[in-house]
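Enquirer: Coordinates in data.txt, compact mmCIF, N, CA and C atoms, are listed below.
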# COMPACT_ATOMS: atom_id res chain seq x y z
N MET I 836 103.58 115.03 67.21
CA MET I 836 104.41 114.32 68.16
C MET I 836 103.60 113.16 68.74
N ILE I 837 104.27 112.01 68.87
CA ILE I 837 103.65 110.82 69.42
C ILE I 837 104.34 110.47 70.73
N LEU I 838 103.53 110.13 71.72
CA LEU I 838 104.05 109.64 73.00
C LEU I 838 103.76 108.15 73.08
N TYR I 839 104.79 107.38 73.31
CA TYR I 839 104.67 105.95 73.53
C TYR I 839 104.73 105.77 75.04
N ASN I 840 103.59 105.43 75.63
CA ASN I 840 103.45 105.35 77.07
C ASN I 840 103.43 103.89 77.51
N VAL I 841 104.32 103.54 78.43
CA VAL I 841 104.35 102.19 78.99
C VAL I 841 104.04 102.32 80.48
N THR I 842 102.92 101.75 80.90
CA THR I 842 102.53 101.77 82.30
C THR I 842 102.88 100.41 82.89
N ILE I 843 103.62 100.43 83.99
CA ILE I 843 104.14 99.20 84.58
C ILE I 843 103.81 99.16 86.06
N ASN I 844 103.26 98.01 86.48
CA ASN I 844 103.10 97.72 87.90
C ASN I 844 104.21 96.73 88.26
N ILE I 845 104.99 97.08 89.27
CA ILE I 845 106.13 96.25 89.66
C ILE I 845 105.96 95.78 91.10
N HIS I 846 106.18 94.49 91.31
CA HIS I 846 106.04 93.87 92.63
C HIS I 846 107.11 94.42 93.57
N GLU I 847 106.74 94.61 94.82
CA GLU I 847 107.67 95.20 95.80
C GLU I 847 108.94 94.38 95.97
N SER I 848 108.88 93.07 95.77
CA SER I 848 110.05 92.21 95.99
C SER I 848 111.18 92.49 95.00
N VAL I 849 110.87 93.09 93.86
CA VAL I 849 111.90 93.41 92.86
C VAL I 849 111.94 94.90 92.53
N HIS I 850 111.22 95.69 93.30
CA HIS I 850 111.08 97.11 93.00
C HIS I 850 112.41 97.82 92.85
N ASP I 851 113.29 97.69 93.83
CA ASP I 851 114.54 98.44 93.80
C ASP I 851 115.43 98.00 92.64
N GLN I 852 115.51 96.70 92.39
CA GLN I 852 116.28 96.17 91.26
C GLN I 852 115.71 96.70 89.95
N TRP I 853 114.39 96.68 89.82
CA TRP I 853 113.73 97.16 88.61
C TRP I 853 113.99 98.65 88.40
N MET I 854 113.89 99.42 89.48
CA MET I 854 114.08 100.88 89.39
C MET I 854 115.51 101.18 88.91
N ARG I 855 116.51 100.51 89.44
CA ARG I 855 117.89 100.72 88.98
C ARG I 855 118.02 100.36 87.51
N TRP I 856 117.49 99.19 87.14
CA TRP I 856 117.56 98.73 85.75
C TRP I 856 116.87 99.73 84.81
N MET I 857 115.70 100.19 85.21
CA MET I 857 114.94 101.11 84.37
C MET I 857 115.71 102.41 84.18
N GLN I 858 116.20 103.00 85.25
CA GLN I 858 116.84 104.31 85.17
C GLN I 858 118.28 104.26 84.64
N GLU I 859 118.99 103.17 84.88
CA GLU I 859 120.38 103.10 84.46
C GLU I 859 120.57 102.39 83.12
N LYS I 860 119.62 101.52 82.72
CA LYS I 860 119.83 100.75 81.50
C LYS I 860 118.69 100.86 80.50
N HIS I 861 117.49 100.48 80.90
CA HIS I 861 116.41 100.32 79.92
C HIS I 861 116.03 101.62 79.21
N ILE I 862 115.85 102.69 79.95
CA ILE I 862 115.49 103.97 79.30
C ILE I 862 116.61 104.38 78.35
N ASN I 863 117.85 104.20 78.76
CA ASN I 863 118.98 104.53 77.88
C ASN I 863 118.98 103.65 76.63
N ASP I 864 118.67 102.36 76.80
CA ASP I 864 118.59 101.45 75.65
C ASP I 864 117.50 101.89 74.68
N MET I 865 116.37 102.32 75.21
CA MET I 865 115.27 102.80 74.36
C MET I 865 115.72 104.03 73.58
N LEU I 866 116.34 104.99 74.25
CA LEU I 866 116.80 106.20 73.57
C LEU I 866 117.90 105.89 72.56
N ALA I 867 118.71 104.88 72.84
CA ALA I 867 119.81 104.51 71.95
C ALA I 867 119.31 103.91 70.63
N THR I 868 118.04 103.51 70.55
CA THR I 868 117.51 103.01 69.28
C THR I 868 117.48 104.13 68.24
N GLY I 869 117.52 105.39 68.68
CA GLY I 869 117.44 106.52 67.78
C GLY I 869 116.04 106.85 67.35
N LYS I 870 115.06 106.17 67.91
CA LYS I 870 113.66 106.37 67.51
C LYS I 870 112.89 107.27 68.47
N PHE I 871 113.51 107.61 69.58
CA PHE I 871 112.86 108.46 70.58
C PHE I 871 113.77 109.63 70.90
N SER I 872 113.18 110.79 71.07
CA SER I 872 113.97 112.00 71.34
C SER I 872 114.04 112.35 72.82
N ALA I 873 113.14 111.78 73.62
CA ALA I 873 113.11 112.10 75.05
C ALA I 873 112.32 111.03 75.78
N ALA I 874 112.54 110.99 77.09
CA ALA I 874 111.79 110.06 77.93
C ALA I 874 111.55 110.71 79.28
N ARG I 875 110.45 110.33 79.88
CA ARG I 875 110.19 110.77 81.25
C ARG I 875 109.52 109.63 82.00
N MET I 876 109.81 109.56 83.28
CA MET I 876 109.26 108.52 84.14
C MET I 876 108.51 109.18 85.27
N VAL I 877 107.27 108.75 85.48
CA VAL I 877 106.45 109.32 86.55
C VAL I 877 105.83 108.18 87.36
N LYS I 878 105.59 108.44 88.61
CA LYS I 878 104.92 107.47 89.47
C LYS I 878 103.43 107.73 89.44
N VAL I 879 102.65 106.67 89.31
CA VAL I 879 101.20 106.76 89.34
C VAL I 879 100.78 106.77 90.81
N LEU I 880 100.05 107.80 91.22
CA LEU I 880 99.72 107.99 92.63
C LEU I 880 98.36 107.40 93.00
N VAL I 881 98.10 106.21 92.50
CA VAL I 881 96.88 105.50 92.83
C VAL I 881 97.30 104.14 93.37
N GLU I 882 96.77 103.75 94.52
CA GLU I 882 97.10 102.43 95.05
C GLU I 882 96.32 101.37 94.30
N GLU I 883 97.02 100.36 93.81
CA GLU I 883 96.41 99.27 93.08
C GLU I 883 95.96 98.18 94.05
N GLU I 884 94.82 97.58 93.77
CA GLU I 884 94.35 96.47 94.59
C GLU I 884 95.35 95.32 94.59
N MET I 885 96.05 95.14 93.47
CA MET I 885 97.01 94.05 93.34
C MET I 885 98.29 94.31 94.11
N GLY I 886 98.45 95.53 94.64
CA GLY I 886 99.67 95.88 95.34
C GLY I 886 100.73 96.36 94.38
N GLY I 887 101.96 96.43 94.86
CA GLY I 887 103.06 96.90 94.04
C GLY I 887 103.01 98.40 93.82
N SER I 888 103.91 98.86 93.01
CA SER I 888 103.98 100.28 92.64
C SER I 888 103.80 100.39 91.14
N THR I 889 103.15 101.48 90.71
CA THR I 889 102.88 101.67 89.29
C THR I 889 103.57 102.92 88.79
N TYR I 890 104.18 102.79 87.61
CA TYR I 890 104.90 103.89 86.98
C TYR I 890 104.46 104.01 85.53
N SER I 891 104.59 105.22 85.00
CA SER I 891 104.37 105.48 83.59
C SER I 891 105.67 106.02 83.02
N ILE I 892 106.15 105.36 81.96
CA ILE I 892 107.34 105.83 81.27
C ILE I 892 106.90 106.27 79.88
N GLN I 893 107.15 107.53 79.55
CA GLN I 893 106.67 108.11 78.29
C GLN I 893 107.86 108.46 77.41
N PHE I 894 107.85 107.89 76.21
CA PHE I 894 108.90 108.13 75.23
C PHE I 894 108.33 108.98 74.10
N THR I 895 109.03 110.03 73.72
CA THR I 895 108.60 110.94 72.67
C THR I 895 109.22 110.52 71.35
N THR I 896 108.39 110.45 70.30
CA THR I 896 108.87 110.16 68.97
C THR I 896 108.18 111.08 67.97
N ASP I 897 108.71 111.16 66.77
CA ASP I 897 108.20 112.13 65.81
C ASP I 897 106.97 111.68 65.04
N SER I 898 106.75 110.35 64.92
CA SER I 898 105.64 109.91 64.08
C SER I 898 105.25 108.48 64.40
N LYS I 899 104.07 108.08 63.93
CA LYS I 899 103.61 106.70 64.04
C LYS I 899 104.54 105.79 63.25
N GLU I 900 105.07 106.28 62.14
CA GLU I 900 105.97 105.47 61.31
C GLU I 900 107.26 105.13 62.08
N THR I 901 107.80 106.10 62.77
CA THR I 901 109.00 105.85 63.57
C THR I 901 108.69 104.87 64.70
N LEU I 902 107.54 105.05 65.32
CA LEU I 902 107.14 104.12 66.38
C LEU I 902 106.99 102.71 65.82
N GLN I 903 106.44 102.58 64.63
CA GLN I 903 106.30 101.27 64.02
C GLN I 903 107.67 100.64 63.75
N LYS I 904 108.64 101.45 63.36
CA LYS I 904 110.00 100.94 63.17
C LYS I 904 110.55 100.40 64.49
N TYR I 905 110.26 101.11 65.59
CA TYR I 905 110.67 100.60 66.90
C TYR I 905 110.04 99.24 67.16
N TYR I 906 108.73 99.13 66.92
CA TYR I 906 108.06 97.84 67.14
C TYR I 906 108.71 96.74 66.31
N ASP I 907 109.01 97.03 65.06
CA ASP I 907 109.55 96.02 64.14
C ASP I 907 111.01 95.66 64.42
N GLU I 908 111.81 96.67 64.77
CA GLU I 908 113.26 96.48 64.84
C GLU I 908 113.82 96.29 66.25
N ASP I 909 113.17 96.86 67.26
CA ASP I 909 113.78 96.90 68.59
C ASP I 909 112.93 96.30 69.71
N ALA I 910 111.63 96.41 69.62
CA ALA I 910 110.75 96.01 70.72
C ALA I 910 110.93 94.56 71.16
N PRO I 911 111.00 93.59 70.25
CA PRO I 911 111.09 92.20 70.72
C PRO I 911 112.28 91.96 71.66
N LYS I 912 113.44 92.48 71.30
CA LYS I 912 114.64 92.29 72.12
C LYS I 912 114.51 92.98 73.48
N LEU I 913 114.05 94.23 73.45
CA LEU I 913 113.95 94.99 74.70
C LEU I 913 112.87 94.43 75.62
N ARG I 914 111.77 93.99 75.07
CA ARG I 914 110.70 93.38 75.89
C ARG I 914 111.15 92.04 76.45
N ALA I 915 111.91 91.28 75.67
CA ALA I 915 112.39 89.97 76.13
C ALA I 915 113.31 90.13 77.34
N GLU I 916 114.13 91.16 77.32
CA GLU I 916 115.03 91.40 78.45
C GLU I 916 114.25 91.66 79.73
N SER I 917 113.23 92.50 79.65
CA SER I 917 112.44 92.79 80.85
C SER I 917 111.70 91.55 81.34
N ALA I 918 111.20 90.75 80.42
CA ALA I 918 110.50 89.52 80.80
C ALA I 918 111.45 88.54 81.46
N GLN I 919 112.67 88.45 80.94
CA GLN I 919 113.65 87.53 81.51
C GLN I 919 114.05 87.97 82.92
N LEU I 920 114.23 89.26 83.12
CA LEU I 920 114.67 89.76 84.41
C LEU I 920 113.57 89.76 85.47
N PHE I 921 112.34 90.10 85.07
CA PHE I 921 111.30 90.34 86.07
C PHE I 921 110.07 89.45 85.95
N GLY I 922 109.92 88.76 84.83
CA GLY I 922 108.85 87.77 84.66
C GLY I 922 107.50 88.25 85.13
N ASP I 923 106.87 87.43 85.97
CA ASP I 923 105.52 87.73 86.44
C ASP I 923 105.49 88.73 87.59
N LYS I 924 106.63 89.29 87.94
CA LYS I 924 106.69 90.34 88.97
C LYS I 924 106.41 91.72 88.37
N MET I 925 106.24 91.76 87.04
CA MET I 925 106.03 93.01 86.33
C MET I 925 104.85 92.85 85.38
N LEU I 926 103.93 93.80 85.43
CA LEU I 926 102.79 93.82 84.52
C LEU I 926 102.85 95.14 83.76
N ALA I 927 102.85 95.05 82.42
CA ALA I 927 102.98 96.27 81.60
C ALA I 927 101.86 96.34 80.58
N PHE I 928 101.39 97.56 80.34
CA PHE I 928 100.53 97.79 79.17
C PHE I 928 100.98 99.07 78.50
N ARG I 929 100.76 99.10 77.20
CA ARG I 929 101.30 100.17 76.37
C ARG I 929 100.18 100.95 75.70
N THR I 930 100.39 102.26 75.57
CA THR I 930 99.41 103.15 74.96
C THR I 930 100.13 104.10 74.02
N GLU I 931 99.57 104.34 72.86
CA GLU I 931 100.08 105.35 71.94
C GLU I 931 99.23 106.61 72.08
N LEU I 932 99.89 107.74 72.25
CA LEU I 932 99.21 109.01 72.45
C LEU I 932 99.70 110.02 71.42
N GLU I 933 98.80 110.84 70.93
CA GLU I 933 99.18 111.92 70.02
C GLU I 933 99.02 113.24 70.75
N LEU I 934 100.09 114.03 70.78
CA LEU I 934 100.04 115.33 71.42
C LEU I 934 99.25 116.30 70.54
N ILE I 935 98.23 116.88 71.13
CA ILE I 935 97.38 117.85 70.41
C ILE I 935 97.86 119.27 70.67
N SER I 936 98.12 119.59 71.93
CA SER I 936 98.62 120.92 72.25
C SER I 936 99.25 120.93 73.63
N GLU I 937 100.10 121.91 73.85
CA GLU I 937 100.69 122.15 75.15
C GLU I 937 100.39 123.59 75.53
N HIS I 938 100.11 123.81 76.80
CA HIS I 938 99.72 125.17 77.24
C HIS I 938 100.57 125.61 78.41
Any chance you could put this one into structure tokens?
Expert:
Amino acid sequence: MILYNVTINIHESVHDQWMRWMQEKHINDMLATGKFSAARMVKVLVEEEMGGSTYSIQFTTDSKETLQKYYDEDAPKLRAESAQLFGDKMLAFRTELELISEH
């Protein structure tokens, strides 16, 4: 199992708008690609020097190959939407994780 983790710092001036968009549209759009089986959103409990609030959104997929299909087929459009809506008020970085075990 592969976890596609997107960590986002969002400026307070657009926080509420971003939170609604993320929970009502973007996560659903990601799941609608058919490349992810689940998603979870968590708040990072560390205060950033830059301010804002930081969240981690984790999408579960079955393989690196499926994740690559997401990058090739869906990521440009979905990333462009977030950039258009939130621009420099949002800073994101992405991490690929492989689940080794659950206890």
Enquirer: Kindly give the distance, in Å, that separates atom CA of Ile843 of chain I and atom CA of Met865 of chain I, rounded to a single decimal.
Expert: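 Calculated distance between atom CA of Ile843 of chain I and atom CA of Met865 of chain I is 15.5 Å.
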Enquirer: Can you pull out every residue within 9 Å of segment 910-913 of chain I, counting only C-alpha atoms, but drop anything in the same chain fewer than 3 positions away, and send it as a PyMOL selection string?
Expert: chain I and resi 861+864-865+905-907+916-918
Enquirer: Looking only at the backbone, which of the residues in segment 855-897 of chain I does DSSP tag as strand (DSSP E), as a list in words?
Expert: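 Taking segment 855-897 of chain I and keeping strand (DSSP E) gives Ala873, Ala874, Arg875, Met876, Val877, Lys878, Ser888, Thr889, Tyr890, Ser891, Ile892, Gln893, Phe894, Thr895 and Thr896 of chain I.
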Enquirer: Given the choices I:Asn863, I:Asn840, I:Ser888, I:Ser848, which gets closest to Arg929 of chain I if the distance is worked out from only N, CA and C atoms?
Expert: I:Asn840
Enquirer: Kindly give the distance, in Å, that separates atom CA of Lys860 of chain I and atom CA of Leu838 of chain I, rounded to a single decimal.
Expert: 20.0 Å
Enquirer: Can you list, as a ChimeraX atom specification, all residues belonging to chain I that DSSP tags as helix (DSSP H, G or I)?
Expert: /I:847-867,899-908,910-924
Enquirer: Have a look at I:Val841, I:Ala867, I:Val877, I:Val849 and name the one nearest to Ala927 of chain I; count only N, CA and C atoms.
Expert: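 With only N, CA and C atoms as the atom set, the closest residue is I:Val841.
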Enquirer: What does the distance between atom CA of Arg914 of chain I and atom CA of Met885 of chain I come to in Å, to one decimal place?
Expert: 22.2 Å
Enquirer: Go through I:Gln852, I:Asn844, I:Thr896, I:Thr868 and flag the residue nearest Lys924 of chain I, using only C-alpha atoms for the distances.
Expert: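 Closest residue, counting only C-alpha atoms: I:Asn844.
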Enquirer: Return the single residue from I:Gly922, I:Met854, I:Lys870, I:Leu932 that is closest to Lys904 of chain I, with distances computed using all atoms listed in the file.
Expert: I:Lys870
Enquirer: Need to verify the contact set: Glu933 of chain I, 10 Å, only C-alpha atoms, exclusion of same-chain residues closer than 3 positions in sequence. Can you return it as a list in words?
Expert: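 Residues near the query, excluding close chain neighbours: Met836, Ile837, Leu838, Tyr839, Thr895, Thr896, Asp897, Ser898, Lys899 and Ser936 of chain I.
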Enquirer: Residues proximal to (112.4, 108.7, 81.7) were defined as those with any atom within 7 Å of that point in the file's coordinates, counting only N, CA and C atoms. Which are they, as a PDB file with N, CA and C atoms, in the frame of the given file?
Expert:
ATOM      1  N   ILE I 862     115.850 102.690  79.950  1.00  0.00           N
ATOM      2  CA  ILE I 862     115.490 103.970  79.300  1.00  0.00           C
ATOM      3  C   ILE I 862     116.610 104.380  78.350  1.00  0.00           C
ATOM      4  N   ALA I 873     113.140 111.780  73.620  1.00  0.00           N
ATOM      5  CA  ALA I 873     113.110 112.100  75.050  1.00  0.00           C
ATOM      6  C   ALA I 873     112.320 111.030  75.780  1.00  0.00           C
ATOM      7  N   ALA I 874     112.540 110.990  77.090  1.00  0.00           N
ATOM      8  CA  ALA I 874     111.790 110.060  77.930  1.00  0.00           C
ATOM      9  C   ALA I 874     111.550 110.710  79.280  1.00  0.00           C
ATOM     10  N   ARG I 875     110.450 110.330  79.880  1.00  0.00           N
ATOM     11  CA  ARG I 875     110.190 110.770  81.250  1.00  0.00           C
ATOM     12  C   ARG I 875     109.520 109.630  82.000  1.00  0.00           C
ATOM     13  N   MET I 876     109.810 109.560  83.280  1.00  0.00           N
ATOM     14  CA  MET I 876     109.260 108.520  84.140  1.00  0.00           C
ATOM     15  C   MET I 876     108.510 109.180  85.270  1.00  0.00           C
ATOM     16  N   VAL I 877     107.270 108.750  85.480  1.00  0.00           N
ATOM     17  CA  VAL I 877     106.450 109.320  86.550  1.00  0.00           C
ATOM     18  C   VAL I 877     105.830 108.180  87.360  1.00  0.00           C
ATOM     19  N   ILE I 892     106.150 105.360  81.960  1.00  0.00           N
ATOM     20  CA  ILE I 892     107.340 105.830  81.270  1.00  0.00           C
ATOM     21  C   ILE I 892     106.900 106.270  79.880  1.00  0.00           C
ATOM     22  N   GLN I 893     107.150 107.530  79.550  1.00  0.00           N
ATOM     23  CA  GLN I 893     106.670 108.110  78.290  1.00  0.00           C
ATOM     24  C   GLN I 893     107.860 108.460  77.410  1.00  0.00           C
TER      25      GLN I 893
END
